[in-house]
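Colleague: Data file start.cif (mmCIF, C-alpha atoms and all ligand atoms) is appended below.
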```cif
data_coords
#
loop_
_atom_site.label_atom_id
_atom_site.label_comp_id
_atom_site.auth_asym_id
_atom_site.auth_seq_id
_atom_site.Cartn_x
_atom_site.Cartn_y
_atom_site.Cartn_z
CA MET A 1 0.00 0.00 0.00
CA THR A 2 1.36 3.41 -0.87
CA SER A 3 1.97 5.89 1.92
CA ASP A 4 -0.12 8.65 0.32
CA LEU A 5 -3.05 6.26 0.48
CA LYS A 6 -2.58 5.92 4.21
CA HIS A 7 -2.37 9.61 4.83
CA SER A 8 -4.79 11.27 2.43
CA ALA A 9 -7.77 12.59 4.34
CA GLY A 10 -11.46 12.93 3.69
CA ALA A 11 -14.26 10.41 3.40
CA THR A 12 -14.86 11.06 -0.29
CA ALA A 13 -11.22 10.91 -1.34
CA GLN A 14 -10.61 8.43 -4.12
CA LEU A 15 -8.89 5.23 -3.20
CA ASP A 16 -5.74 4.33 -5.07
CA VAL A 17 -7.36 1.13 -6.27
CA ASP A 18 -4.40 0.11 -8.45
CA ALA A 19 -2.13 0.18 -5.39
CA ILE A 20 -4.72 -1.71 -3.36
CA ARG A 21 -5.17 -4.35 -6.06
CA ALA A 22 -1.42 -4.91 -6.14
CA ASP A 23 -1.69 -6.05 -2.50
CA PHE A 24 -4.01 -8.94 -3.49
CA PRO A 25 -2.03 -11.64 -5.34
CA ILE A 26 -5.15 -13.60 -6.32
CA LEU A 27 -6.51 -10.69 -8.35
CA SER A 28 -3.87 -11.25 -11.03
CA LEU A 29 -5.10 -14.80 -11.77
CA ARG A 30 -6.58 -15.55 -15.18
CA PRO A 31 -9.24 -18.27 -14.82
CA HIS A 32 -10.12 -19.75 -18.24
CA GLY A 33 -7.51 -17.40 -19.71
CA LYS A 34 -9.51 -14.28 -18.75
CA PRO A 35 -8.60 -11.69 -16.12
CA LEU A 36 -10.29 -12.62 -12.85
CA VAL A 37 -13.26 -10.39 -12.07
CA TYR A 38 -14.07 -11.38 -8.50
CA LEU A 39 -17.59 -10.28 -7.58
CA ASP A 40 -18.42 -12.86 -4.92
CA ASN A 41 -17.25 -10.85 -1.94
CA ALA A 42 -20.41 -11.45 0.09
CA ALA A 43 -19.49 -15.16 0.16
CA THR A 44 -15.88 -14.49 1.07
CA GLY A 45 -13.34 -11.74 0.42
CA GLN A 46 -9.81 -11.98 -0.97
CA LYS A 47 -6.71 -11.58 1.20
CA PRO A 48 -3.96 -8.97 0.89
CA GLN A 49 -0.32 -10.06 1.05
CA GLN A 50 -0.08 -8.41 4.49
CA VAL A 51 -2.59 -10.92 5.91
CA ILE A 52 -1.02 -13.88 4.10
CA ASP A 53 2.40 -12.81 5.44
CA ALA A 54 1.17 -12.38 9.02
CA THR A 55 -0.37 -15.85 8.97
CA SER A 56 2.64 -17.59 7.45
CA ALA A 57 5.06 -15.66 9.71
CA PHE A 58 3.18 -17.10 12.68
CA TYR A 59 3.74 -20.66 11.48
CA ALA A 60 7.31 -19.97 10.30
CA SER A 61 8.69 -18.16 13.33
CA GLN A 62 6.17 -17.73 16.16
CA ASN A 63 4.22 -20.99 16.33
CA SER A 64 3.35 -21.97 19.87
CA ASN A 65 0.24 -22.28 22.03
CA VAL A 66 -1.04 -19.16 23.82
CA HIS A 67 -1.69 -18.27 27.46
CA ARG A 68 0.11 -21.30 28.88
CA GLY A 69 3.84 -21.45 28.07
CA ILE A 70 6.63 -19.60 29.83
CA HIS A 71 9.05 -20.12 26.95
CA HIS A 72 10.02 -17.52 24.36
CA LEU A 73 7.79 -18.75 21.54
CA SER A 74 4.70 -19.06 23.69
CA GLN A 75 5.19 -15.54 24.97
CA LEU A 76 5.65 -14.26 21.42
CA ALA A 77 2.52 -16.03 20.18
CA THR A 78 0.55 -14.75 23.19
CA GLU A 79 1.73 -11.20 22.56
CA LYS A 80 0.65 -11.35 18.90
CA TYR A 81 -2.65 -12.97 19.81
CA ASP A 82 -3.46 -10.37 22.48
CA ALA A 83 -2.38 -7.53 20.19
CA ALA A 84 -4.84 -8.75 17.55
CA ARG A 85 -7.65 -8.55 20.10
CA GLU A 86 -6.67 -4.93 20.80
CA SER A 87 -6.71 -4.21 17.04
CA VAL A 88 -10.22 -5.66 16.68
CA CYS A 89 -11.31 -3.72 19.77
CA ARG A 90 -10.13 -0.45 18.15
CA PHE A 91 -11.66 -1.41 14.79
CA ILE A 92 -15.17 -1.67 16.26
CA ASN A 93 -14.51 0.94 18.96
CA ALA A 94 -15.36 -1.46 21.78
CA PRO A 95 -14.87 0.16 25.21
CA ASP A 96 -12.88 -2.82 26.52
CA SER A 97 -11.03 -5.63 24.72
CA ARG A 98 -12.44 -8.12 27.24
CA GLU A 99 -15.72 -7.62 25.40
CA VAL A 100 -14.17 -9.01 22.20
CA ILE A 101 -14.58 -12.80 22.04
CA PHE A 102 -12.97 -14.94 19.36
CA THR A 103 -15.13 -17.71 17.92
CA SER A 104 -14.77 -20.09 14.99
CA GLY A 105 -16.86 -17.80 12.77
CA ASN A 106 -19.83 -15.48 12.52
CA THR A 107 -22.13 -18.51 12.69
CA GLU A 108 -20.61 -19.70 15.96
CA ALA A 109 -20.88 -16.20 17.43
CA LEU A 110 -24.62 -16.18 16.67
CA ASN A 111 -25.03 -19.69 18.13
CA LEU A 112 -23.13 -18.61 21.24
CA VAL A 113 -25.58 -15.80 21.96
CA ALA A 114 -28.67 -17.86 21.08
CA GLN A 115 -27.60 -20.80 23.25
CA SER A 116 -25.98 -18.98 26.14
CA TYR A 117 -28.10 -15.83 26.43
CA GLY A 118 -31.29 -17.23 24.89
CA GLY A 119 -30.97 -20.59 26.62
CA THR A 120 -30.65 -18.84 29.99
CA PHE A 121 -33.00 -15.89 29.78
CA LEU A 122 -35.82 -17.02 27.46
CA GLY A 123 -38.89 -18.83 28.73
CA GLU A 124 -42.37 -19.92 27.72
CA GLY A 125 -44.25 -17.15 25.93
CA ASP A 126 -41.23 -14.85 25.53
CA GLU A 127 -40.57 -13.45 22.06
CA VAL A 128 -37.44 -12.97 19.96
CA ILE A 129 -37.71 -10.61 17.00
CA LEU A 130 -35.78 -11.25 13.78
CA SER A 131 -36.39 -9.94 10.27
CA GLN A 132 -37.26 -11.55 6.98
CA LEU A 133 -33.83 -10.49 5.71
CA GLU A 134 -31.89 -12.82 8.03
CA HIS A 135 -29.23 -15.24 6.86
CA HIS A 136 -30.13 -18.78 7.96
CA SER A 137 -27.44 -18.58 10.63
CA ASN A 138 -29.48 -15.93 12.47
CA ILE A 139 -32.70 -17.94 12.14
CA VAL A 140 -31.89 -21.58 12.88
CA PRO A 141 -30.01 -21.05 16.19
CA TRP A 142 -32.99 -19.05 17.52
CA GLN A 143 -35.44 -21.70 16.33
CA MET A 144 -33.37 -24.30 18.18
CA VAL A 145 -33.40 -22.30 21.41
CA CYS A 146 -37.11 -21.49 21.06
CA GLU A 147 -37.88 -25.22 20.78
CA ARG A 148 -36.04 -25.78 24.04
CA THR A 149 -37.42 -22.83 25.99
CA GLY A 150 -40.94 -22.37 24.65
CA ALA A 151 -40.13 -18.87 23.37
CA LYS A 152 -41.49 -17.71 20.01
CA LEU A 153 -39.97 -16.04 16.97
CA ARG A 154 -41.55 -12.90 15.51
CA VAL A 155 -40.44 -11.79 12.05
CA ILE A 156 -40.30 -8.19 10.81
CA PRO A 157 -41.66 -8.30 7.23
CA ILE A 158 -40.00 -6.60 4.26
CA ASP A 159 -41.46 -4.54 1.44
CA ASP A 160 -40.86 -4.94 -2.28
CA ASN A 161 -37.71 -2.81 -2.18
CA GLY A 162 -36.22 -5.21 0.36
CA ASP A 163 -36.54 -2.76 3.27
CA ILE A 164 -37.82 -3.96 6.61
CA ILE A 165 -41.17 -2.40 7.56
CA LEU A 166 -40.33 -0.38 10.65
CA ASP A 167 -44.00 0.22 11.60
CA GLU A 168 -44.50 -3.53 11.82
CA PHE A 169 -41.48 -3.79 14.11
CA GLU A 170 -42.91 -1.10 16.37
CA LYS A 171 -46.20 -3.00 16.53
CA MET A 172 -44.59 -6.31 17.52
CA LEU A 173 -42.18 -4.81 20.07
CA GLY A 174 -43.86 -5.20 23.46
CA PRO A 175 -43.71 -6.65 26.96
CA LYS A 176 -43.21 -10.19 25.60
CA THR A 177 -40.15 -9.15 23.57
CA LYS A 178 -36.98 -10.38 25.25
CA PHE A 179 -34.44 -10.05 22.43
CA VAL A 180 -33.95 -8.56 18.96
CA SER A 181 -31.43 -10.25 16.65
CA LEU A 182 -31.04 -8.43 13.38
CA ILE A 183 -28.94 -8.55 10.24
CA TYR A 184 -27.21 -5.16 9.81
CA VAL A 185 -26.75 -5.46 6.03
CA SER A 186 -28.60 -8.09 3.98
CA ASN A 187 -26.26 -10.56 2.30
CA ALA A 188 -28.88 -11.40 -0.34
CA LEU A 189 -29.90 -7.83 -1.29
CA GLY A 190 -27.44 -5.39 0.26
CA THR A 191 -30.17 -3.53 2.22
CA ILE A 192 -28.69 -1.52 5.10
CA ASN A 193 -31.13 -1.76 7.99
CA PRO A 194 -32.04 1.29 10.13
CA VAL A 195 -30.24 -0.35 13.05
CA LYS A 196 -29.81 2.75 15.21
CA LYS A 197 -33.56 3.37 15.16
CA ILE A 198 -34.24 -0.31 15.96
CA ILE A 199 -31.80 -0.19 18.88
CA GLU A 200 -33.29 3.04 20.20
CA LEU A 201 -36.84 1.65 20.07
CA SER A 202 -35.77 -1.67 21.63
CA HIS A 203 -33.80 -0.06 24.43
CA ALA A 204 -36.76 2.16 25.26
CA GLN A 205 -38.51 -1.13 26.18
CA GLY A 206 -35.42 -2.57 27.89
CA VAL A 207 -34.81 -5.11 25.09
CA PRO A 208 -31.23 -5.97 24.08
CA VAL A 209 -30.23 -6.03 20.40
CA LEU A 210 -27.71 -8.16 18.52
CA LEU A 211 -26.45 -7.00 15.13
CA ASP A 212 -25.16 -9.58 12.66
CA SER A 213 -22.64 -7.34 10.95
CA ALA A 214 -21.09 -10.01 8.69
CA GLN A 215 -21.98 -7.87 5.66
CA ALA A 216 -21.63 -4.46 7.31
CA ALA A 217 -18.15 -4.51 8.83
CA PRO A 218 -16.43 -5.14 5.45
CA HIS A 219 -18.06 -2.07 3.92
CA MET A 220 -18.49 0.73 6.47
CA PRO A 221 -17.24 1.96 9.83
CA VAL A 222 -18.83 -0.07 12.62
CA ASP A 223 -18.73 1.62 16.03
CA VAL A 224 -20.38 -0.41 18.78
CA GLN A 225 -20.46 2.54 21.19
CA ASP A 226 -22.14 4.80 18.67
CA LEU A 227 -24.60 2.04 17.73
CA ASP A 228 -25.09 1.13 21.40
CA CYS A 229 -25.79 -2.48 20.32
CA ASP A 230 -25.67 -5.13 23.02
CA PHE A 231 -23.97 -7.74 20.83
CA LEU A 232 -22.37 -7.63 17.41
CA THR A 233 -20.93 -10.41 15.26
CA ILE A 234 -18.29 -10.23 12.54
CA ALA A 235 -17.20 -12.61 9.75
CA PRO A 236 -13.48 -11.83 9.34
CA HIS A 237 -13.10 -13.86 6.15
CA LYS A 238 -15.39 -11.40 4.40
CA MET A 239 -13.10 -8.49 5.35
CA CYS A 240 -9.60 -9.52 4.27
CA GLY A 241 -9.12 -11.96 7.17
CA PRO A 242 -8.73 -15.74 7.30
CA THR A 243 -11.51 -18.33 7.46
CA GLY A 244 -12.15 -20.27 10.66
CA ILE A 245 -12.24 -17.21 12.88
CA GLY A 246 -15.11 -15.02 14.06
CA VAL A 247 -15.75 -12.19 16.50
CA LEU A 248 -18.46 -11.66 19.05
CA TYR A 249 -18.65 -8.29 20.76
CA GLY A 250 -20.89 -8.15 23.82
CA LYS A 251 -21.49 -5.61 26.57
CA THR A 252 -19.81 -6.72 29.80
CA LYS A 253 -23.07 -6.74 31.76
CA HIS A 254 -24.51 -9.38 29.40
CA LEU A 255 -21.35 -11.46 29.00
CA GLU A 256 -20.88 -11.59 32.77
CA ALA A 257 -24.44 -12.80 33.26
CA MET A 258 -24.20 -15.52 30.58
CA PRO A 259 -22.95 -19.07 31.20
CA PRO A 260 -20.07 -20.40 29.08
CA PHE A 261 -21.01 -21.81 25.68
CA LYS A 262 -18.35 -24.53 25.64
CA GLY A 263 -16.28 -26.14 28.39
CA GLY A 264 -12.60 -27.00 28.26
CA GLY A 265 -9.12 -25.64 28.76
CA ASP A 266 -8.45 -21.90 29.10
CA MET A 267 -12.03 -21.06 30.09
CA ILE A 268 -11.51 -22.03 33.76
CA ILE A 269 -9.70 -20.69 36.82
CA SER A 270 -9.89 -23.97 38.74
CA VAL A 271 -11.39 -27.39 38.22
CA THR A 272 -12.29 -30.08 40.73
CA PHE A 273 -14.80 -32.86 40.25
CA GLU A 274 -17.04 -31.02 42.70
CA LYS A 275 -16.89 -27.55 41.15
CA THR A 276 -15.33 -25.57 38.34
CA THR A 277 -14.73 -21.84 38.56
CA TYR A 278 -14.91 -20.11 35.20
CA ASN A 279 -12.29 -17.75 33.89
CA ARG A 280 -12.84 -14.01 33.51
CA LEU A 281 -13.82 -12.38 30.21
CA PRO A 282 -13.05 -12.94 27.41
CA PHE A 283 -11.54 -16.36 28.20
CA LYS A 284 -14.77 -17.69 29.73
CA PHE A 285 -16.05 -18.01 26.15
CA GLU A 286 -12.84 -19.27 24.52
CA ALA A 287 -12.51 -22.93 25.47
CA GLY A 288 -9.58 -24.89 24.08
CA THR A 289 -6.67 -23.93 21.85
CA PRO A 290 -7.95 -21.10 19.70
CA ASN A 291 -7.32 -20.46 16.02
CA ILE A 292 -4.11 -18.55 16.80
CA ALA A 293 -2.99 -18.06 13.19
CA GLY A 294 -6.54 -16.98 12.33
CA VAL A 295 -6.59 -14.38 15.09
CA ILE A 296 -3.18 -13.03 14.06
CA GLY A 297 -4.32 -12.90 10.42
CA LEU A 298 -7.48 -11.07 11.52
CA GLY A 299 -5.34 -8.57 13.42
CA ALA A 300 -3.40 -7.89 10.21
CA ALA A 301 -6.67 -7.59 8.26
CA VAL A 302 -8.20 -4.94 10.53
CA GLU A 303 -4.92 -3.01 10.59
CA TYR A 304 -4.91 -3.11 6.77
CA LEU A 305 -8.49 -1.87 6.54
CA SER A 306 -7.92 0.77 9.21
CA ALA A 307 -4.93 2.13 7.28
CA ILE A 308 -7.17 2.62 4.24
CA GLY A 309 -10.02 3.96 6.40
CA MET A 310 -13.47 2.41 6.47
CA ASP A 311 -15.10 5.77 5.75
CA ARG A 312 -13.15 5.90 2.48
CA VAL A 313 -14.03 2.28 1.70
CA ALA A 314 -17.72 3.17 2.19
CA ALA A 315 -17.46 6.30 0.02
CA TYR A 316 -15.69 4.42 -2.79
CA GLU A 317 -18.15 1.52 -2.71
CA ALA A 318 -21.06 3.99 -2.83
CA GLU A 319 -19.62 5.16 -6.17
CA LEU A 320 -19.47 1.54 -7.38
CA LEU A 321 -23.12 1.13 -6.34
CA GLU A 322 -24.26 4.17 -8.34
CA TYR A 323 -22.21 3.13 -11.38
CA GLY A 324 -23.47 -0.46 -11.19
CA LYS A 325 -27.12 0.56 -10.88
CA LYS A 326 -26.89 2.60 -14.08
CA ALA A 327 -24.77 0.09 -16.01
CA LEU A 328 -26.80 -3.01 -15.15
CA ARG A 329 -30.09 -1.27 -15.94
CA GLU A 330 -28.94 -1.29 -19.60
CA VAL A 331 -28.92 -5.10 -19.73
CA GLU A 332 -32.02 -6.40 -21.48
CA GLY A 333 -34.35 -8.46 -19.32
CA LEU A 334 -32.52 -7.73 -16.07
CA THR A 335 -34.64 -7.25 -12.94
CA PHE A 336 -33.03 -6.09 -9.71
CA ILE A 337 -34.15 -8.07 -6.67
CA GLY A 338 -33.80 -5.55 -3.87
CA THR A 339 -33.86 -1.84 -4.59
CA ALA A 340 -33.54 -0.34 -1.12
CA GLU A 341 -32.38 3.27 -1.03
CA GLU A 342 -29.78 2.47 1.64
CA ARG A 343 -27.68 -0.43 0.45
CA THR A 344 -24.19 -1.70 -0.15
CA ALA A 345 -22.75 -2.40 -3.61
CA THR A 346 -24.43 -5.80 -3.85
CA PHE A 347 -26.52 -6.48 -6.95
CA SER A 348 -29.03 -9.31 -6.78
CA PHE A 349 -30.88 -9.84 -10.03
CA THR A 350 -32.61 -12.19 -12.43
CA LEU A 351 -32.48 -12.27 -16.23
CA ASP A 352 -35.51 -13.14 -18.37
CA SER A 353 -33.28 -15.26 -20.62
CA ALA A 354 -31.56 -17.58 -18.14
CA HIS A 355 -31.67 -19.21 -14.72
CA PRO A 356 -29.21 -17.73 -12.17
CA HIS A 357 -27.08 -20.89 -12.26
CA ASP A 358 -26.75 -20.63 -16.05
CA ILE A 359 -25.83 -16.95 -15.66
CA GLY A 360 -23.14 -17.95 -13.16
CA GLN A 361 -21.76 -20.61 -15.48
CA ILE A 362 -21.52 -18.41 -18.58
CA LEU A 363 -19.95 -15.61 -16.52
CA ASP A 364 -17.42 -18.06 -15.09
CA GLY A 365 -16.27 -18.81 -18.64
CA GLU A 366 -15.53 -15.07 -18.91
CA GLY A 367 -13.46 -15.11 -15.71
CA ILE A 368 -16.27 -13.45 -13.73
CA ALA A 369 -17.10 -14.92 -10.30
CA ILE A 370 -20.58 -14.27 -8.92
CA ARG A 371 -22.86 -16.36 -6.72
CA ALA A 372 -26.12 -17.89 -7.89
CA GLY A 373 -28.61 -19.39 -5.46
CA HIS A 374 -30.71 -18.51 -2.44
CA HIS A 375 -27.69 -17.10 -0.55
CA CYS A 376 -28.74 -18.91 2.66
CA ALA A 377 -31.64 -16.46 2.85
CA GLN A 378 -34.61 -18.49 1.64
CA PRO A 379 -37.21 -16.25 3.37
CA VAL A 380 -35.94 -13.35 1.24
CA MET A 381 -36.31 -15.41 -1.94
CA LYS A 382 -39.82 -16.40 -0.84
CA HIS A 383 -40.84 -12.75 -0.48
CA PHE A 384 -39.75 -12.00 -4.02
CA GLY A 385 -41.23 -15.23 -5.40
CA VAL A 386 -37.94 -16.48 -6.87
CA PRO A 387 -36.02 -19.65 -5.99
CA ALA A 388 -32.66 -17.98 -6.58
CA THR A 389 -30.93 -14.85 -7.81
CA ALA A 390 -27.62 -14.05 -9.42
CA ARG A 391 -25.60 -11.90 -7.01
CA ALA A 392 -22.62 -9.70 -7.83
CA SER A 393 -21.17 -8.36 -4.58
CA MET A 394 -18.43 -5.73 -4.62
CA ALA A 395 -15.49 -4.91 -2.41
CA PHE A 396 -13.21 -1.87 -2.23
CA TYR A 397 -10.73 -3.51 -4.65
CA ASN A 398 -13.33 -3.80 -7.41
CA THR A 399 -13.53 -1.25 -10.21
CA THR A 400 -16.01 0.29 -12.61
CA GLU A 401 -14.17 -1.56 -15.42
CA GLU A 402 -15.11 -4.80 -13.72
CA ILE A 403 -18.75 -3.70 -13.67
CA ASP A 404 -18.42 -3.07 -17.42
CA ALA A 405 -17.04 -6.61 -17.81
CA LEU A 406 -20.05 -7.93 -15.88
CA VAL A 407 -22.43 -6.05 -18.17
CA GLU A 408 -20.65 -7.48 -21.24
CA GLY A 409 -20.81 -10.95 -19.70
CA LEU A 410 -24.55 -10.61 -19.12
CA ARG A 411 -25.04 -9.51 -22.73
CA LYS A 412 -23.27 -12.72 -23.71
CA VAL A 413 -25.65 -14.71 -21.50
CA ASN A 414 -28.56 -13.07 -23.34
CA GLU A 415 -27.01 -14.01 -26.72
CA VAL A 416 -26.38 -17.63 -25.68
CA PHE A 417 -29.91 -18.09 -24.37
CA ALA A 418 -31.67 -15.96 -27.00
N1 LIG B 1 -24.62 -13.62 8.50
C1 LIG B 1 -24.57 -13.00 7.31
C2 LIG B 1 -25.23 -11.69 7.15
C3 LIG B 1 -23.87 -13.59 6.26
O1 LIG B 1 -23.81 -12.96 5.09
C4 LIG B 1 -23.22 -14.83 6.46
C5 LIG B 1 -22.50 -15.52 5.34
C6 LIG B 1 -23.29 -15.41 7.71
C7 LIG B 1 -24.01 -14.78 8.71
C8 LIG B 1 -22.58 -16.68 8.05
O2 LIG B 1 -21.23 -16.43 8.09
P1 LIG B 1 -20.15 -17.59 8.23
O3 LIG B 1 -18.89 -16.95 7.84
O4 LIG B 1 -20.17 -18.07 9.62
O5 LIG B 1 -20.61 -18.68 7.27
N2 LIG B 1 -23.00 -15.20 4.05
C9 LIG B 1 -22.69 -15.84 2.90
C10 LIG B 1 -23.16 -15.42 1.65
O6 LIG B 1 -23.90 -14.46 1.46
N3 LIG B 1 -22.68 -16.24 0.69
O7 LIG B 1 -21.88 -17.16 1.29
C11 LIG B 1 -21.89 -16.91 2.67
#
```
Take the structure from the file and write it as structure tokens.
Modeller:
Amino acid sequence: MTSDLKHSAGATAQLDVDAIRADFPILSLRPHGKPLVYLDNAATGQKPQQVIDATSAFYASQNSNVHRGIHHLSQLATEKYDAARESVCRFINAPDSREVIFTSGNTEALNLVAQSYGGTFLGEGDEVILSQLEHHSNIVPWQMVCERTGAKLRVIPIDDNGDIILDEFEKMLGPKTKFVSLIYVSNALGTINPVKKIIELSHAQGVPVLLDSAQAAPHMPVDVQDLDCDFLTIAPHKMCGPTGIGVLYGKTKHLEAMPPFKGGGDMIISVTFEKTTYNRLPFKFEAGTPNIAGVIGLGAAVEYLSAIGMDRVAAYEAELLEYGKKALREVEGLTFIGTAEERTATFSFTLDSAHPHDIGQILDGEGIAIRAGHHCAQPVMKHFGVPATARASMAFYNTTEEIDALVEGLRKVNEVFA
């Protein structure tokens, strides 16, 4: 990354995308002999050399277990591991790094809250509010805990733009509501939910709110103190980090009141067969040897993103969104699925000429990677009456030229299936 990129100020300043792209070795691949146009960032993002280097340096020269050895390597690994937690803490502006819990992924972070918080504090007749935009991983864990506890799910409906209907939320929020668990940005449509309003309304009734920010944190500044959310989850592999690692942020008052999610090493202070005393935060929720290389890679990822500036990432991607909306509208027979005013640069669409899977296959032949399917959000597909969509999801290293390539690719799909 060039130094002027790090130091130029202002949210609307252009990114030096050429310099950024040079950091991502995979972007110079040529699948099927064509330049790679990677537009499947909502599924997973690509990794800059800085993250690859941090991960391989761990295995090459730091590898050891953390929080247990007194030898040089263990201390080094522990230092790197703890420093990564501080980096993540700064990235989301958490008040205290003990509120930053490492999990195996965004999915595990959601399961942790559903099982530990929900399993403890929900009872017969209580209600948990989700929205119709949720990814399956913020539906199924709550269904599982509702089955066990007798609580019920309420679902905020969406309109034909793919926006949640706030009035309906206000109507269902009441004395029975015990928790709100909401997707921040829709993975299927890109809709950015009015989360601050939801949190304000929920808190007015004393109801805690979790934000699944798997698709928000890669695209915009996420500040847990400004949001005042009670919990927040992150999918590091969608924001330059490795797979196999996730983040749960939680307010201390909730995390202290919750039982551990998993038992094992590191999450205890003392163990006898009669009684185990649990460790303090965050270790209470981190049983067993963690994904040390993953955490260190995540630390490098958030440092990389912070050096660019998430406000600049958001401003640049907003330009990609505007360009993409205009360019894709020119493709014959294309219908956008999801047209919310507030959204990220994620384009879900259908073509009159071809099924989404056929679109994906023809585009692949052109070196263009998109996702076709229900995107693990079947309730969203149901609302729009489609079994699947084609989805092109952008990141800050994508360009308007790549959107042009997508448009050309879609014209080719129309020709093939004419
Ligand atoms: N929540 C949201 C909003 C997501 O987009 C995803 C993954 C998850 C949770 C689950 O994250 P994981 O990393 O634990 O699997 N979304 C997608 C997608 O849109 N295409 O592939 C994965």
Colleague: Counting only C-alpha atoms, what is within 9 Å of A:Glu286, bar same-chain residues fewer than 6 positions away, as an mmCIF file with C-alpha atoms, keeping the file's coordinate frame?
Modeller:
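Result written to part.cif:
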```cif
data_model
loop_
_atom_site.group_PDB
_atom_site.id
_atom_site.type_symbol
_atom_site.label_atom_id
_atom_site.label_comp_id
_atom_site.auth_asym_id
_atom_site.auth_seq_id
_atom_site.Cartn_x
_atom_site.Cartn_y
_atom_site.Cartn_z
ATOM 1 C CA ILE A 101 -14.580 -12.800 22.040
ATOM 2 C CA PHE A 102 -12.970 -14.940 19.360
ATOM 3 C CA THR A 103 -15.130 -17.710 17.920
ATOM 4 C CA PRO A 260 -20.070 -20.400 29.080
ATOM 5 C CA PHE A 261 -21.010 -21.810 25.680
ATOM 6 C CA LYS A 262 -18.350 -24.530 25.640
ATOM 7 C CA GLY A 263 -16.280 -26.140 28.390
ATOM 8 C CA GLY A 264 -12.600 -27.000 28.260
ATOM 9 C CA GLY A 265 -9.120 -25.640 28.760
ATOM 10 C CA ASP A 266 -8.450 -21.900 29.100
ATOM 11 C CA MET A 267 -12.030 -21.060 30.090
#
```
Colleague: If you take every atom of ligand LIG 1 (chain B) that the file lists and fit an axis-aligned box around them with 8 Å extra on each side, what centre and edge lengths come out in Å to one decimal, as AutoDock Vina command-line options?
Modeller:
```
--center_x -22.1 --center_y -15.2 --center_z 5.2 --size_x 22.3 --size_y 23.0 --size_z 24.9
```
Colleague: Grab the atom CA of A:Gly365 to atom CA of A:Leu410 distance for me, in Å with one decimal place.
Modeller: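 Interatomic distance, atom CA of A:Gly365 to atom CA of A:Leu410: 11.7 Å.
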Colleague: Choose the residue, out of A:Ile26, A:Leu182, A:Ile268, A:Ala293, that has the smallest atom-to-atom separation from ligand LIG 1 (chain B); count all atoms listed in the file.
Modeller: A:Leu182
Colleague: Kindly give the distance, in Å, that separates atom CA of A:Glu317 and atom CA of A:Ala214, rounded to a single decimal.
Modeller: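 One can read the atom CA of A:Glu317 to atom CA of A:Ala214 distance as 16.5 Å.
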Colleague: Near A:Ala43, within 9 Å and counting all atoms listed in the file, which residues show up once chain neighbours fewer than 4 positions away are dropped, as a list in words?
Modeller: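 Here the qualifying residues turn out to be Asn187, His237, Lys238, Arg371, His375 and Ser393 of chain A.
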Colleague: Compute the set of protein, DNA and RNA residues whose minimum atom distance to ligand LIG 1 (chain B) is at most 6 Å, using all atoms listed in the file, and state it as JSON, numbers by chain.
Modeller: {"A": [42, 43, 105, 106, 107, 135, 137, 183, 186, 187, 212, 214, 215, 235, 375]}
Colleague: Rounded to one decimal place, report the atom CA of A:Asp404-atom CA of A:Leu320 distance in Å.
Modeller: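 It comes out at 11.1 Å.
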Colleague: As a compact mmCIF listing (two decimals) with C-alpha atoms, in the coordinates of the input, please: the residues near stretch 115-126 of chain A (cut-off 8 Å, only C-alpha atoms, same-chain neighbours under 4 positions excluded).
Modeller:
```txt
# COMPACT_ATOMS: atom_id res chain seq x y z
CA ASN A 111 -25.03 -19.69 18.13
CA PRO A 141 -30.01 -21.05 16.19
CA TRP A 142 -32.99 -19.05 17.52
CA VAL A 145 -33.40 -22.30 21.41
CA CYS A 146 -37.11 -21.49 21.06
CA ARG A 148 -36.04 -25.78 24.04
CA THR A 149 -37.42 -22.83 25.99
CA GLY A 150 -40.94 -22.37 24.65
CA ALA A 151 -40.13 -18.87 23.37
CA LYS A 152 -41.49 -17.71 20.01
CA LYS A 176 -43.21 -10.19 25.60
CA THR A 177 -40.15 -9.15 23.57
CA LYS A 178 -36.98 -10.38 25.25
CA HIS A 254 -24.51 -9.38 29.40
CA MET A 258 -24.20 -15.52 30.58
CA PRO A 259 -22.95 -19.07 31.20
CA PRO A 260 -20.07 -20.40 29.08
CA PHE A 261 -21.01 -21.81 25.68
```
Colleague: Can you pull out every residue within 12 Å of A:Glu408, counting all atoms listed in the file, but drop anything in the same chain fewer than 5 positions away, and send it as a PDB file with C-alpha atoms, keeping the file's coordinate frame?
Modeller:
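What follows is the written file selection.pdb:
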```
ATOM      1  CA  ALA A 327     -24.770   0.090 -16.010  1.00  0.00           C
ATOM      2  CA  LEU A 328     -26.800  -3.010 -15.150  1.00  0.00           C
ATOM      3  CA  GLU A 330     -28.940  -1.290 -19.600  1.00  0.00           C
ATOM      4  CA  VAL A 331     -28.920  -5.100 -19.730  1.00  0.00           C
ATOM      5  CA  GLU A 332     -32.020  -6.400 -21.480  1.00  0.00           C
ATOM      6  CA  ILE A 362     -21.520 -18.410 -18.580  1.00  0.00           C
ATOM      7  CA  LEU A 363     -19.950 -15.610 -16.520  1.00  0.00           C
ATOM      8  CA  GLU A 366     -15.530 -15.070 -18.910  1.00  0.00           C
ATOM      9  CA  GLY A 367     -13.460 -15.110 -15.710  1.00  0.00           C
ATOM     10  CA  ILE A 368     -16.270 -13.450 -13.730  1.00  0.00           C
ATOM     11  CA  GLU A 401     -14.170  -1.560 -15.420  1.00  0.00           C
ATOM     12  CA  GLU A 402     -15.110  -4.800 -13.720  1.00  0.00           C
ATOM     13  CA  ILE A 403     -18.750  -3.700 -13.670  1.00  0.00           C
ATOM     14  CA  VAL A 413     -25.650 -14.710 -21.500  1.00  0.00           C
ATOM     15  CA  ASN A 414     -28.560 -13.070 -23.340  1.00  0.00           C
ATOM     16  CA  GLU A 415     -27.010 -14.010 -26.720  1.00  0.00           C
TER      17      GLU A 415
END
```
